[in-house]
Every structure is written in C-alpha cells, then in structure tokens.
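Here's start-v3.csv, which has CSV, C-alpha atoms and all ligand atoms:
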chain,number,residue,atom,x,y,z
A,1,MET,CA,19.7,-45.7,-31.1
A,2,LYS,CA,23.0,-44.9,-32.8
A,3,ILE,CA,23.3,-41.5,-34.4
A,4,ILE,CA,25.8,-39.9,-36.8
A,5,LEU,CA,26.1,-36.1,-36.8
A,6,VAL,CA,27.2,-34.8,-40.2
A,7,GLY,CA,28.1,-31.2,-39.6
A,8,PHE,CA,29.3,-29.8,-36.3
A,9,GLY,CA,28.7,-26.1,-36.4
A,10,ALA,CA,26.2,-24.1,-34.4
A,11,ILE,CA,23.4,-26.6,-34.9
A,12,GLY,CA,25.6,-29.7,-34.6
A,13,LYS,CA,27.0,-28.5,-31.3
A,14,GLY,CA,23.5,-27.5,-30.2
A,15,VAL,CA,22.3,-31.1,-30.9
A,16,ALA,CA,25.3,-32.5,-29.0
A,17,LYS,CA,24.5,-30.2,-26.0
A,18,VAL,CA,20.8,-31.2,-26.0
A,19,LEU,CA,21.5,-35.0,-26.3
A,20,HIS,CA,24.0,-34.7,-23.4
A,21,GLU,CA,21.7,-32.6,-21.2
A,22,LYS,CA,18.7,-34.8,-21.9
A,23,ARG,CA,20.5,-38.2,-21.7
A,24,ASP,CA,18.8,-39.3,-18.4
A,25,TYR,CA,15.4,-38.1,-19.6
A,26,LEU,CA,15.8,-40.0,-22.9
A,27,LYS,CA,17.0,-43.2,-21.2
A,28,LYS,CA,14.1,-43.1,-18.7
A,29,ASN,CA,11.4,-42.4,-21.3
A,30,TYR,CA,12.8,-43.9,-24.5
A,31,GLY,CA,16.2,-45.6,-24.6
A,32,ASP,CA,19.9,-44.9,-25.2
A,33,PHE,CA,20.6,-42.2,-27.8
A,34,LYS,CA,24.2,-42.6,-28.7
A,35,VAL,CA,26.3,-40.4,-31.1
A,36,VAL,CA,28.7,-42.9,-32.6
A,37,ALA,CA,30.2,-40.5,-35.2
A,38,ILE,CA,30.6,-36.7,-35.8
A,39,THR,CA,32.0,-35.2,-39.0
A,40,ASP,CA,32.9,-31.7,-40.1
A,41,SER,CA,34.5,-30.3,-43.3
A,42,SER,CA,37.9,-31.7,-42.5
A,43,GLY,CA,37.4,-35.0,-40.8
A,44,SER,CA,35.5,-37.1,-38.2
A,45,ALA,CA,35.5,-38.8,-34.8
A,46,ILE,CA,34.1,-42.3,-34.4
A,47,ASP,CA,33.3,-44.4,-31.4
A,48,GLU,CA,30.8,-47.2,-31.6
A,49,ASN,CA,30.3,-47.1,-27.8
A,50,GLY,CA,29.3,-43.4,-28.1
A,51,LEU,CA,31.4,-40.3,-28.2
A,52,ASP,CA,31.8,-38.0,-25.2
A,53,LEU,CA,29.7,-35.1,-26.5
A,54,ILE,CA,31.1,-32.5,-24.1
A,55,LYS,CA,34.6,-33.5,-25.1
A,56,ALA,CA,33.7,-33.3,-28.8
A,57,ILE,CA,32.4,-29.8,-28.3
A,58,GLU,CA,35.5,-28.8,-26.5
A,59,VAL,CA,37.8,-30.3,-29.1
A,60,LYS,CA,35.8,-28.5,-31.9
A,61,GLU,CA,35.9,-25.1,-30.1
A,62,THR,CA,39.6,-25.3,-29.1
A,63,THR,CA,41.1,-26.9,-32.3
A,64,GLY,CA,38.6,-26.1,-35.0
A,65,SER,CA,38.1,-29.7,-36.2
A,66,ILE,CA,36.5,-32.8,-34.8
A,67,LYS,CA,39.4,-34.8,-36.3
A,68,ASN,CA,41.5,-33.8,-33.3
A,69,TYR,CA,39.3,-35.8,-30.9
A,70,PRO,CA,41.8,-37.9,-28.9
A,71,GLU,CA,42.3,-41.5,-30.3
A,72,LYS,CA,39.0,-41.5,-32.2
A,73,GLY,CA,39.6,-38.7,-34.6
A,74,SER,CA,40.7,-39.0,-38.2
A,75,LYS,CA,40.5,-37.4,-41.7
A,76,MET,CA,37.7,-39.8,-42.7
A,77,LYS,CA,35.2,-38.0,-44.9
A,78,SER,CA,31.5,-37.7,-44.2
A,79,ILE,CA,30.5,-39.9,-47.2
A,80,ASP,CA,32.7,-42.7,-46.0
A,81,VAL,CA,31.4,-42.4,-42.4
A,82,ILE,CA,27.9,-42.6,-43.7
A,83,ARG,CA,28.8,-45.8,-45.7
A,84,GLU,CA,30.9,-47.5,-43.1
A,85,VAL,CA,29.8,-46.6,-39.6
A,86,LYS,CA,27.0,-48.8,-38.2
A,87,ALA,CA,24.2,-46.4,-37.1
A,88,ASP,CA,20.4,-46.0,-37.3
A,89,VAL,CA,20.1,-42.3,-38.1
A,90,VAL,CA,22.1,-39.6,-39.9
A,91,VAL,CA,21.5,-36.0,-38.7
A,92,GLU,CA,22.5,-33.9,-41.8
A,93,ILE,CA,23.4,-30.4,-40.6
A,94,THR,CA,25.9,-29.0,-43.1
A,95,PRO,CA,25.4,-25.6,-44.7
A,96,SER,CA,22.3,-25.1,-46.9
A,97,ASN,CA,23.5,-24.7,-50.5
A,98,LEU,CA,20.4,-23.4,-52.4
A,99,GLU,CA,22.1,-23.8,-55.9
A,100,THR,CA,23.3,-27.4,-55.8
A,101,GLY,CA,22.0,-28.8,-52.5
A,102,GLU,CA,25.4,-30.3,-51.9
A,103,PRO,CA,27.0,-31.8,-50.0
A,104,ALA,CA,23.7,-32.5,-48.1
A,105,LYS,CA,21.9,-34.1,-51.1
A,106,THR,CA,24.6,-36.7,-51.5
A,107,HIS,CA,24.8,-37.3,-47.8
A,108,ILE,CA,21.1,-37.8,-47.5
A,109,LEU,CA,20.8,-40.1,-50.6
A,110,GLU,CA,23.8,-42.2,-49.5
A,111,SER,CA,22.2,-42.5,-46.0
A,112,PHE,CA,19.1,-43.9,-47.5
A,113,ARG,CA,21.0,-46.3,-49.7
A,114,ASN,CA,22.8,-47.6,-46.6
A,115,LYS,CA,19.5,-48.1,-44.8
A,116,LYS,CA,20.0,-45.2,-42.4
A,117,HIS,CA,17.1,-42.9,-41.5
A,118,VAL,CA,17.7,-39.1,-41.9
A,119,VAL,CA,16.8,-36.1,-39.9
A,120,THR,CA,17.9,-32.8,-41.4
A,121,ALA,CA,17.7,-29.0,-40.8
A,122,ASN,CA,19.3,-28.4,-44.2
A,123,LYS,CA,17.0,-26.5,-46.7
A,124,GLY,CA,19.1,-27.0,-49.8
A,125,PRO,CA,18.2,-30.5,-51.0
A,126,LEU,CA,14.6,-30.0,-49.7
A,127,ALA,CA,14.1,-26.9,-51.8
A,128,LEU,CA,15.7,-28.3,-54.9
A,129,CYS,CA,14.7,-32.0,-55.1
A,130,TYR,CA,12.1,-32.8,-52.4
A,131,LYS,CA,10.2,-35.4,-54.4
A,132,GLU,CA,13.4,-37.3,-55.4
A,133,LEU,CA,14.4,-37.5,-51.7
A,134,VAL,CA,11.0,-38.7,-50.5
A,135,GLU,CA,10.8,-41.3,-53.2
A,136,GLU,CA,14.3,-42.6,-52.4
A,137,ALA,CA,13.6,-42.8,-48.7
A,138,LYS,CA,10.4,-44.8,-49.5
A,139,LYS,CA,12.3,-47.1,-51.9
A,140,HIS,CA,14.8,-48.0,-49.1
A,141,GLY,CA,12.2,-48.3,-46.4
A,142,VAL,CA,13.7,-45.6,-44.2
A,143,MET,CA,12.3,-42.4,-42.5
A,144,PHE,CA,13.1,-38.9,-43.6
A,145,ARG,CA,12.2,-36.0,-41.3
A,146,HIS,CA,12.9,-32.3,-41.5
A,147,GLU,CA,10.9,-30.3,-38.9
A,148,ALA,CA,14.0,-28.1,-38.2
A,149,SER,CA,14.3,-27.1,-41.8
A,150,VAL,CA,11.4,-24.6,-41.6
A,151,GLY,CA,10.8,-22.3,-38.6
A,152,GLY,CA,13.4,-24.1,-36.4
A,153,ALA,CA,11.7,-24.9,-33.1
A,154,MET,CA,8.4,-23.6,-34.4
A,155,PRO,CA,6.2,-26.6,-35.0
A,156,ILE,CA,5.0,-26.4,-38.6
A,157,ILE,CA,5.8,-29.3,-40.9
A,158,ASN,CA,4.9,-32.2,-38.5
A,159,LEU,CA,2.0,-30.1,-37.2
A,160,ALA,CA,0.5,-29.9,-40.8
A,161,LYS,CA,1.3,-33.5,-41.6
A,162,GLU,CA,0.1,-35.0,-38.3
A,163,THR,CA,-2.1,-32.7,-36.2
A,164,LEU,CA,-3.8,-31.0,-39.2
A,165,ALA,CA,-3.9,-34.3,-41.2
A,166,GLY,CA,-7.0,-34.3,-43.4
A,167,ASN,CA,-7.1,-30.6,-43.8
A,168,GLU,CA,-6.5,-28.9,-47.1
A,169,ILE,CA,-4.0,-26.1,-46.5
A,170,LEU,CA,-5.3,-23.2,-48.7
A,171,SER,CA,-2.6,-20.7,-47.9
A,172,ILE,CA,0.3,-20.0,-45.6
A,173,ARG,CA,1.6,-16.6,-44.7
A,174,GLY,CA,4.3,-15.7,-42.2
A,175,ILE,CA,7.7,-14.8,-40.9
A,176,LEU,CA,10.0,-17.8,-41.5
A,177,ASN,CA,13.5,-16.3,-41.0
A,178,GLY,CA,14.8,-15.5,-37.5
A,179,THR,CA,17.8,-13.6,-38.6
A,180,THR,CA,15.9,-10.9,-40.6
A,181,ASN,CA,13.3,-10.6,-37.8
A,182,TYR,CA,16.0,-10.1,-35.3
A,183,ILE,CA,17.6,-7.4,-37.5
A,184,LEU,CA,14.3,-5.6,-38.1
A,185,THR,CA,13.4,-5.8,-34.4
A,186,LYS,CA,16.8,-4.4,-33.3
A,187,MET,CA,16.5,-1.5,-35.9
A,188,GLU,CA,13.0,-0.8,-34.8
A,189,LYS,CA,13.3,-1.0,-31.0
A,190,GLU,CA,16.9,0.1,-30.5
A,191,GLY,CA,17.6,2.1,-33.6
A,192,LEU,CA,20.6,-0.3,-34.2
A,193,ASP,CA,22.1,0.0,-37.7
A,194,PHE,CA,21.7,-3.0,-40.1
A,195,GLU,CA,25.3,-4.2,-40.1
A,196,THR,CA,25.6,-4.2,-36.2
A,197,ALA,CA,22.3,-6.1,-36.0
A,198,LEU,CA,23.5,-8.6,-38.6
A,199,LYS,CA,26.8,-9.0,-36.7
A,200,GLU,CA,24.9,-9.8,-33.5
A,201,ALA,CA,22.8,-12.4,-35.4
A,202,LYS,CA,25.9,-14.1,-36.6
A,203,GLU,CA,27.3,-14.2,-33.0
A,204,LEU,CA,24.0,-15.8,-31.8
A,205,GLY,CA,24.6,-18.6,-34.4
A,206,ILE,CA,21.2,-17.9,-36.1
A,207,ALA,CA,22.5,-16.6,-39.4
A,208,GLU,CA,23.2,-18.9,-42.4
A,209,THR,CA,26.8,-19.9,-43.1
A,210,ASP,CA,26.3,-17.4,-46.0
A,211,PRO,CA,24.1,-14.7,-44.3
A,212,THR,CA,23.2,-13.2,-47.7
A,213,GLN,CA,20.7,-16.1,-47.9
A,214,ASP,CA,19.0,-14.6,-44.9
A,215,ILE,CA,19.0,-10.9,-45.7
A,216,GLU,CA,18.2,-11.3,-49.5
A,217,GLY,CA,15.2,-13.4,-48.6
A,218,LEU,CA,16.5,-16.7,-50.2
A,219,ASP,CA,16.3,-18.6,-46.9
A,220,THR,CA,12.6,-17.7,-46.6
A,221,ALA,CA,12.1,-18.6,-50.3
A,222,ALA,CA,13.6,-22.0,-49.7
A,223,LYS,CA,11.3,-22.5,-46.7
A,224,ILE,CA,8.1,-21.6,-48.6
A,225,VAL,CA,9.1,-24.0,-51.4
A,226,ILE,CA,9.6,-26.8,-48.7
A,227,LEU,CA,6.2,-26.0,-47.3
A,228,ALA,CA,4.5,-25.9,-50.7
A,229,ASN,CA,6.0,-29.3,-51.7
A,230,SER,CA,5.8,-31.1,-48.3
A,231,ILE,CA,2.4,-30.0,-46.9
A,232,MET,CA,0.5,-28.4,-49.8
A,233,GLY,CA,1.1,-31.1,-52.4
A,234,LEU,CA,2.6,-28.6,-54.9
A,235,GLU,CA,5.7,-29.1,-57.0
A,236,LYS,CA,7.7,-25.9,-56.8
A,237,THR,CA,11.3,-24.9,-56.9
A,238,ILE,CA,13.1,-21.8,-55.6
A,239,LYS,CA,12.9,-20.4,-59.2
A,240,ASP,CA,9.1,-20.2,-58.8
A,241,VAL,CA,9.5,-17.7,-55.9
A,242,LYS,CA,9.4,-13.9,-56.4
A,243,VAL,CA,12.0,-12.8,-53.8
A,244,LYS,CA,13.0,-9.5,-52.3
A,245,GLY,CA,15.1,-9.1,-49.1
A,246,ILE,CA,15.5,-6.5,-46.4
A,247,THR,CA,18.7,-4.8,-47.3
A,248,LYS,CA,17.0,-1.6,-48.3
A,249,ILE,CA,15.0,-1.3,-45.0
A,250,THR,CA,16.3,1.4,-42.6
A,251,PRO,CA,15.6,2.4,-39.0
A,252,GLU,CA,14.0,5.5,-40.5
A,253,ALA,CA,11.6,3.5,-42.6
A,254,LEU,CA,10.6,1.5,-39.6
A,255,PHE,CA,10.1,4.7,-37.6
A,256,LEU,CA,7.8,6.1,-40.3
A,257,ALA,CA,5.8,2.8,-40.5
A,258,ASN,CA,5.4,2.8,-36.7
A,259,LYS,CA,4.0,6.4,-36.8
A,260,ARG,CA,1.3,5.2,-39.2
A,261,GLY,CA,0.5,2.1,-36.9
A,262,TYR,CA,2.5,-0.4,-38.9
A,263,THR,CA,5.8,-2.3,-38.7
A,264,ILE,CA,7.8,-3.9,-41.5
A,265,LYS,CA,8.3,-7.7,-41.7
A,266,LEU,CA,9.9,-10.1,-44.2
A,267,ILE,CA,6.8,-12.1,-45.2
A,268,GLY,CA,6.8,-15.4,-47.0
A,269,GLN,CA,3.4,-16.3,-48.6
A,270,ILE,CA,2.0,-19.2,-50.6
A,271,LYS,CA,-1.5,-18.5,-51.9
A,272,GLU,CA,-3.3,-19.7,-55.1
A,273,ASN,CA,-0.2,-21.4,-56.4
A,274,HIS,CA,1.8,-18.1,-56.1
A,275,LEU,CA,5.0,-18.0,-53.9
A,276,ILE,CA,6.3,-14.6,-52.8
A,277,VAL,CA,8.9,-13.3,-50.3
A,278,GLU,CA,9.1,-9.5,-49.6
A,279,PRO,CA,9.2,-6.9,-46.9
A,280,MET,CA,5.6,-5.9,-46.1
A,281,LEU,CA,3.8,-3.4,-43.9
A,282,VAL,CA,2.1,-5.3,-41.0
A,283,PRO,CA,-0.4,-3.7,-38.7
A,284,ILE,CA,1.2,-3.2,-35.2
A,285,ASP,CA,-1.7,-5.3,-33.7
A,286,SER,CA,-1.4,-8.2,-36.2
A,287,PRO,CA,-0.6,-11.7,-35.0
A,288,LEU,CA,2.3,-11.5,-37.5
A,289,ASN,CA,4.0,-8.8,-35.4
A,290,VAL,CA,6.3,-11.0,-33.5
A,291,LYS,CA,9.8,-9.9,-32.4
A,292,GLY,CA,13.4,-11.0,-32.2
A,293,THR,CA,14.2,-14.5,-33.6
A,294,LEU,CA,10.5,-15.5,-33.4
A,295,ASN,CA,8.8,-16.9,-36.4
A,296,VAL,CA,5.1,-17.0,-37.1
A,297,ALA,CA,2.9,-18.9,-39.6
A,298,MET,CA,-0.7,-18.3,-40.4
A,299,PHE,CA,-2.4,-21.3,-42.0
A,300,GLU,CA,-5.8,-21.0,-43.8
A,301,THR,CA,-7.3,-24.5,-43.9
A,302,ASP,CA,-10.6,-26.0,-45.1
A,303,LEU,CA,-11.6,-27.7,-41.8
A,304,ALA,CA,-9.7,-26.1,-39.0
A,305,ARG,CA,-10.1,-22.7,-40.6
A,306,GLU,CA,-7.3,-20.3,-39.4
A,307,VAL,CA,-4.4,-21.7,-37.4
A,308,VAL,CA,-1.5,-19.5,-36.1
A,309,VAL,CA,1.8,-20.9,-34.8
A,310,VAL,CA,4.6,-19.0,-33.2
A,311,GLY,CA,8.0,-20.2,-32.1
A,312,ARG,CA,11.8,-19.6,-32.2
A,313,GLY,CA,12.8,-19.9,-35.8
A,314,ALA,CA,16.5,-20.1,-35.2
A,315,GLY,CA,19.2,-20.8,-32.6
A,316,PRO,CA,21.3,-23.8,-31.8
A,317,ILE,CA,19.3,-25.1,-28.8
A,318,GLU,CA,15.9,-24.1,-30.3
A,319,THR,CA,16.7,-25.9,-33.6
A,320,ALA,CA,18.0,-28.9,-31.7
A,321,SER,CA,14.6,-29.2,-30.1
A,322,ALA,CA,13.0,-29.8,-33.5
A,323,ILE,CA,15.8,-32.3,-34.4
A,324,LEU,CA,15.3,-34.1,-31.1
A,325,SER,CA,11.6,-34.5,-31.7
A,326,ASP,CA,12.3,-36.1,-35.1
A,327,LEU,CA,14.9,-38.4,-33.5
A,328,ILE,CA,12.3,-39.4,-30.8
A,329,HIS,CA,9.7,-40.1,-33.5
A,330,ILE,CA,12.2,-42.4,-35.4
A,331,TYR,CA,13.1,-44.1,-32.1
A,332,THR,CA,9.5,-44.8,-31.1
A,333,THR,CA,8.6,-45.9,-34.7
A,334,ILE,CA,11.5,-48.4,-34.9
A,335,ASN,CA,10.8,-49.8,-31.4
A,336,THR,CA,7.0,-50.1,-32.0
A,337,LYS,CA,7.6,-52.0,-35.2
A,338,GLN,CA,10.0,-54.3,-33.5
A,339,LYS,CA,7.4,-55.0,-30.7
A,340,ILE,CA,4.7,-55.8,-33.3
A,341,LYS,CA,7.0,-58.4,-35.1
A,401,LIG,N1,21.6,-21.8,-37.3
A,401,LIG,C1,20.3,-21.9,-37.2
A,401,LIG,O1,19.6,-21.4,-36.3
A,401,LIG,C2,19.6,-22.9,-38.1
A,401,LIG,C3,20.3,-23.6,-39.1
A,401,LIG,N2,19.6,-24.4,-39.9
A,401,LIG,C4,20.3,-25.2,-40.9
A,401,LIG,O2,21.2,-26.1,-40.3
A,401,LIG,C5,22.4,-26.3,-41.1
A,401,LIG,C6,23.6,-26.0,-40.2
A,401,LIG,O3,23.5,-24.7,-39.8
A,401,LIG,P1,24.7,-24.1,-38.8
A,401,LIG,O4,25.1,-25.2,-37.8
A,401,LIG,O5,24.1,-22.8,-38.3
A,401,LIG,O6,25.9,-23.9,-39.8
A,401,LIG,P2,27.4,-23.7,-39.5
A,401,LIG,O7,28.1,-23.1,-40.6
A,401,LIG,O8,27.6,-23.2,-38.1
A,401,LIG,O9,27.9,-25.3,-39.5
A,401,LIG,C7,28.0,-26.0,-40.6
A,401,LIG,C8,28.8,-27.3,-40.3
A,401,LIG,O10,28.8,-28.1,-41.5
A,401,LIG,C9,30.2,-28.5,-41.6
A,401,LIG,N3,30.4,-29.0,-43.0
A,401,LIG,C10,30.6,-28.3,-44.1
A,401,LIG,N4,30.8,-29.1,-45.1
A,401,LIG,C11,30.8,-30.4,-44.6
A,401,LIG,C12,31.0,-31.7,-45.2
A,401,LIG,N5,31.2,-31.9,-46.5
A,401,LIG,N6,30.9,-32.8,-44.3
A,401,LIG,C13,30.6,-32.6,-43.0
A,401,LIG,N7,30.5,-31.4,-42.4
A,401,LIG,C14,30.5,-30.3,-43.2
A,401,LIG,C15,31.0,-27.4,-41.2
A,401,LIG,O11,32.4,-27.8,-41.0
A,401,LIG,P3,33.5,-26.9,-40.4
A,401,LIG,O12,33.1,-26.7,-38.9
A,401,LIG,O13,34.7,-27.7,-40.6
A,401,LIG,O14,33.4,-25.6,-41.2
A,401,LIG,C16,30.3,-27.0,-39.9
A,401,LIG,O15,30.6,-27.8,-38.9
A,401,LIG,C17,22.2,-25.4,-42.3
A,401,LIG,O16,21.8,-26.1,-43.4
A,401,LIG,C18,21.2,-24.3,-41.8
A,401,LIG,O17,20.4,-23.8,-42.9
A,401,LIG,C19,18.2,-24.7,-39.8
A,401,LIG,C20,17.5,-24.1,-38.8
A,401,LIG,C21,18.1,-23.1,-37.9
A,402,LIG,N1,19.3,-18.5,-40.8
A,402,LIG,C1,18.0,-19.1,-40.5
A,402,LIG,C2,18.1,-20.3,-39.6
A,402,LIG,C3,16.9,-21.1,-39.6
A,402,LIG,O1,16.4,-21.7,-40.6
A,402,LIG,C4,17.1,-18.1,-39.8
A,402,LIG,O2,17.6,-17.0,-39.4
A,402,LIG,O3,15.9,-18.4,-39.7
A,403,NA,NA,10.0,-26.2,-37.5

Would it be possible to restate this file's structure as structure tokens?
Amino acid sequence: MKIILVGFGAIGKGVAKVLHEKRDYLKKNYGDFKVVAITDSSGSAIDENGLDLIKAIEVKETTGSIKNYPEKGSKMKSIDVIREVKADVVVEITPSNLETGEPAKTHILESFRNKKHVVTANKGPLALCYKELVEEAKKHGVMFRHEASVGGAMPIINLAKETLAGNEILSIRGILNGTTNYILTKMEKEGLDFETALKEAKELGIAETDPTQDIEGLDTAAKIVILANSIMGLEKTIKDVKVKGITKITPEALFLANKRGYTIKLIGQIKENHLIVEPMLVPIDSPLNVKGTLNVAMFETDLAREVVVVGRGAGPIETASAILSDLIHIYTTINTKQKIK
C-alpha cells in the first residue's frame, strides 16, 4: 500500500518511526506499507519506490525541512503532491486549525477527489465540517478514518462505531487532552509550576502546535464535537461548547482539593445534547482519576450500560498506533474487496 504523509512534525515522524520498526511485522501479516511522499510546510520528498524513513527523519531533524532529502526533495507543495503522486492513502497530520480547518480541510477533500483514502489525527476539519467530509468521501468511494483525532492511542471512535455498534450512546464524560492532564498531574504530584509543566509537555511532543488550544480547553472542545457528530449522531460545532480551560488552576488548589478527597481534572462531557468543557472536582477514587498523558472516557449506553476506556491520549508513538490501526483497516478492506472481485 502506498502512503503519503502530509505533515512531518511530532506525529509525522512518529508514524515514520512506527512504519519503519513494524515493516517486517506488516509485510508478514499484511503486505508492503510504503511511504512514497512526505510533505511539510516548505516542500516535499517523493520516491515511488518508497522513501528511506530513517533518512527522512534525520534530514528533517538536521535541516528543518524534508525538501532537503537527497535527490528526492523539492519545493513541491502538499496540494500538488496529493494531486500528482500515485498513492492509496493520505495521512493528514498538519496542525489543527480550529477556526478554518485549513490546510487540512483542503488536503482531505482534494485527497478524496483524487480517489485517495484518508487517515487523519487533525481535529480542525472534523470539528468544523464533519458531515461535509463524510459525504464527500462517500461520493468518491473512499475511506475516511480518524481514530487518532480523539484520545490518541485510546480506542474510542472505532470502538464506538465497531465494537459498540448497535448501542445508543447516551452520554460521554472524560479526560480527552493529554497535555492538560500531564500539567495537572505534575502540579499535583511534584508541585511543579504551570509554565514548567507546559514546557515539559511541549518537549514531549504532546502539546498542540499552538498550546493555548490545550490549556484553554479548545482541543477538548473539538474532540467532544467530533464524538458528538461521529458516534452520537448529533450535528454540533465548536460554537456549541461551553469551554473553560485550566490556566487558573494552581498547585495550591490541587493541594486543597486533595485534602478534601478530590483532584481537579479538565473534563469534557456530552449529555442530553449539552457539550461542556471545564475543570471539575473528581473524587480521588473515581475511574476518571488517571494521571500523566492518560485519557479516559466513560460511556453510558443503552445496551452495554457503562463502558470505561483508558489510554495514552497523546505522544508521537502512541498516536502513531491509532494511525497505524486505521491504515491496517484500509489495507485489509482494499485487499478483501479485491479478493471478492
Ligand atoms: N502531538 C500529539 O500527541 C497529537 C497530535 N494530534 C494532531 O496531529 C496533528 C499534528 O500534530 P503534531 O505532529 O504534534 O504537530 P507539529 O506542529 O509537530 O507538526 C505539524 C507538521 O505539519 C506541517 N505543516 C504545516 N503546514 C503544512 C502544509 N501546508 N503542508 C504540509 N505540512 C504542513 C509542519 O511543517 P514544518 O515542520 O515545516 O513546520 C509540521 O511538520 C495536529 O493536527 C494535532 O492536533 C493528534 C493526536 C495527538
Ligand atoms: N495536544 C493534544 C494531542 C492529542 O490530541 C493532547 O494533549 O491531548
Ligand atoms: Na483514539
């Protein structure tokens, strides 16, 4: 299967590392997963026989742009790569823009129009125009998967759509941002100040390109909109969410909460058509009291009753896990269809 990576930052490099490390496992169990093009904000590298992913990471980390990849690099823009390079799947992992959804929205729609399946971790277009994207993918007969867009490695979207298929999801409540959970945990457990904890989160590659999206609660808001639209059949936008972030939370507030048997978590909640994101007191012994970059989601369903999932909500390799599972789904679907013909 031929793959184009659009975006080569923390997640793009994480996907490249995972595809390199898992290449023998993938070949043995599925087939050849080949990255034929990689793009970033200033250019691209293209090789129809498959790029050397370790070399691509090294070029990116030493020179700052993939266009410096020996012999295969150029200033070719992402949109032209999507149109002109022969591939099966585009992995869209540019920054999430929660106002316009660009450049990801155009990348995704253009991929569909060029008969390319899409896997994305990008929350922008999903939170702003989910229905349009799903309809366009259907119109062009291609697959559109986005497990990584909510909760990173934590299985939530495909779990709801596949394993919990047939259930009506009545409410979802959880911690859906790894950066803020990391910050709150560091402040609570080590008394670290907010800025130092945020700096560490950036260094771990878990924060958004614009980390205010994390700490002001907008990333969590985007995610509950995606959940509302993709697995609860609602039609919401980020404007429908009442949002409050964690910038006013201090180590002292966490200490006082602990003394009373509580902790403080940034909770996203969808219940009875209301979407809310705010710091909430959570009992110390609650299943919601997970630490570090962990995320947690508590589903209330009509058949399976309560379901709780926990997993790493952020991180290059962890997020690449969700992207890989979507790529494998596309690979197996393509090859099953071909065998039936
Ligand atoms: N970090 C995480 O743990 C998670 C991130 N995500 C989502 O994944 C996406 C990527 O995140 P992350 O890798 O951390 O972000 P980074 O900021 O590390 O990387 C973004 C990449 O996109 C590139 N880029 C920007 N504009 C364009 C463009 N027009 N064409 C091609 N590439 C472009 C940047 O180029 P350049 O290098 O030249 O600046 C960079 O390589 C985001 O949407 C984020 O919300 C989802 C789950 C977890
Ligand atoms: N910045 C986000 C990345 C995953 O969506 C987070 O911290 O959860
Ligand atoms: Na996920």

Query raised in the report: Residues at most 12 Å from Gly50 of chain A, counting only C-alpha atoms, excluding those fewer than 6 positions away in the same chain, as an NGL selection string?
Result: :A and (1-5 or 16 or 19-20 or 32-38 or 56 or 72 or 85-87)

Report task. Go through the chains and note each residue within 8 Å of ligand NA 403 (chain A), using all atoms listed in the file, then give the set as a list in words. Result ->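 What falls inside 8 Å of ligand NA 403 (chain A) is His146, Glu147, Ala148, Ser149, Val150, Gly151, Gly152, Ala153, Met154, Pro155, Ile156, Ile157, Asn158, Gly313, Thr319 and Ala322 of chain A.
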
Query - Within 8 Å of ligand LIG 401 (chain A) (all atoms listed in the file), residues as JSON, numbers by chain - result: {"A": [6, 7, 8, 9, 10, 11, 12, 13, 39, 40, 41, 42, 43, 60, 64, 65, 66, 77, 78, 79, 92, 93, 94, 95, 96, 97, 103, 104, 120, 121, 122, 123, 124, 148, 149, 150, 151, 152, 178, 205, 206, 207, 208, 209, 219, 313, 314, 315, 316, 318, 319]}

Query raised in the report: Do you have the atom CA of Asn273 of chain A-atom CA of Leu234 of chain A distance handy?
Result: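 Interatomic distance here is 7.9 Å.
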
Query raised in the report: Do you know which residues are at most 12 Å from Gly166 of chain A counting only C-alpha atoms, after dropping those on the same chain fewer than 6 positions away, and could you put them as a list in words?
Result: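 In the requested form, the answer reads Leu159, Ala160, Ile231, Met232, Thr301, Asp302, Leu303 and Ala304 of chain A.
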
Requested in this report: Give the answer as one residue: which of A:Gly174, A:Pro287, A:Pro70, A:Pro211 has the shortest atom-to-atom distance to ligand LIG 402 (chain A), using only C-alpha atoms and all ligand atoms?
Outcome: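 For ligand LIG 402 (chain A), the nearest of the candidates is A:Pro211.
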
Query - Nearest to Glu21 of chain A, chosen from A:Ala320, A:Ala253, A:Val241, A:Ala137, with all atoms listed in the file counted in the distances - result: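 Once distances to Glu21 of chain A are computed over all atoms listed in the file, the minimum belongs to A:Ala320.
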
Report summary line: What separates atom CA of Leu266 of chain A and atom CA of Leu288 of chain A is a distance of 10.2 Å

Query raised in the report: Given the choices A:Ile215, A:Met76, A:Ala165, A:Ile249, which gets closest to Asp193 of chain A if the distance is worked out from all atoms listed in the file?
Result: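 Among the listed residues, A:Ile249 lies closest to Asp193 of chain A.
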
Report task. Would you please work out which residue, of A:Asp240, A:Asp214, A:Glu136, A:Glu99, is nearest to ligand LIG 402 (chain A) when using all atoms listed in the file? Result ->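 Looking at the shortest contact to ligand LIG 402 (chain A), the residue is A:Asp214.
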
Query - Proximity to Thr247 of chain A - best of A:Val15, A:Val118, A:Ile183, A:Met280, all atoms listed in the file - result: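 Going through A:Val15, A:Val118, A:Ile183, A:Met280 one by one, the smallest distance to Thr247 of chain A is for A:Ile183.
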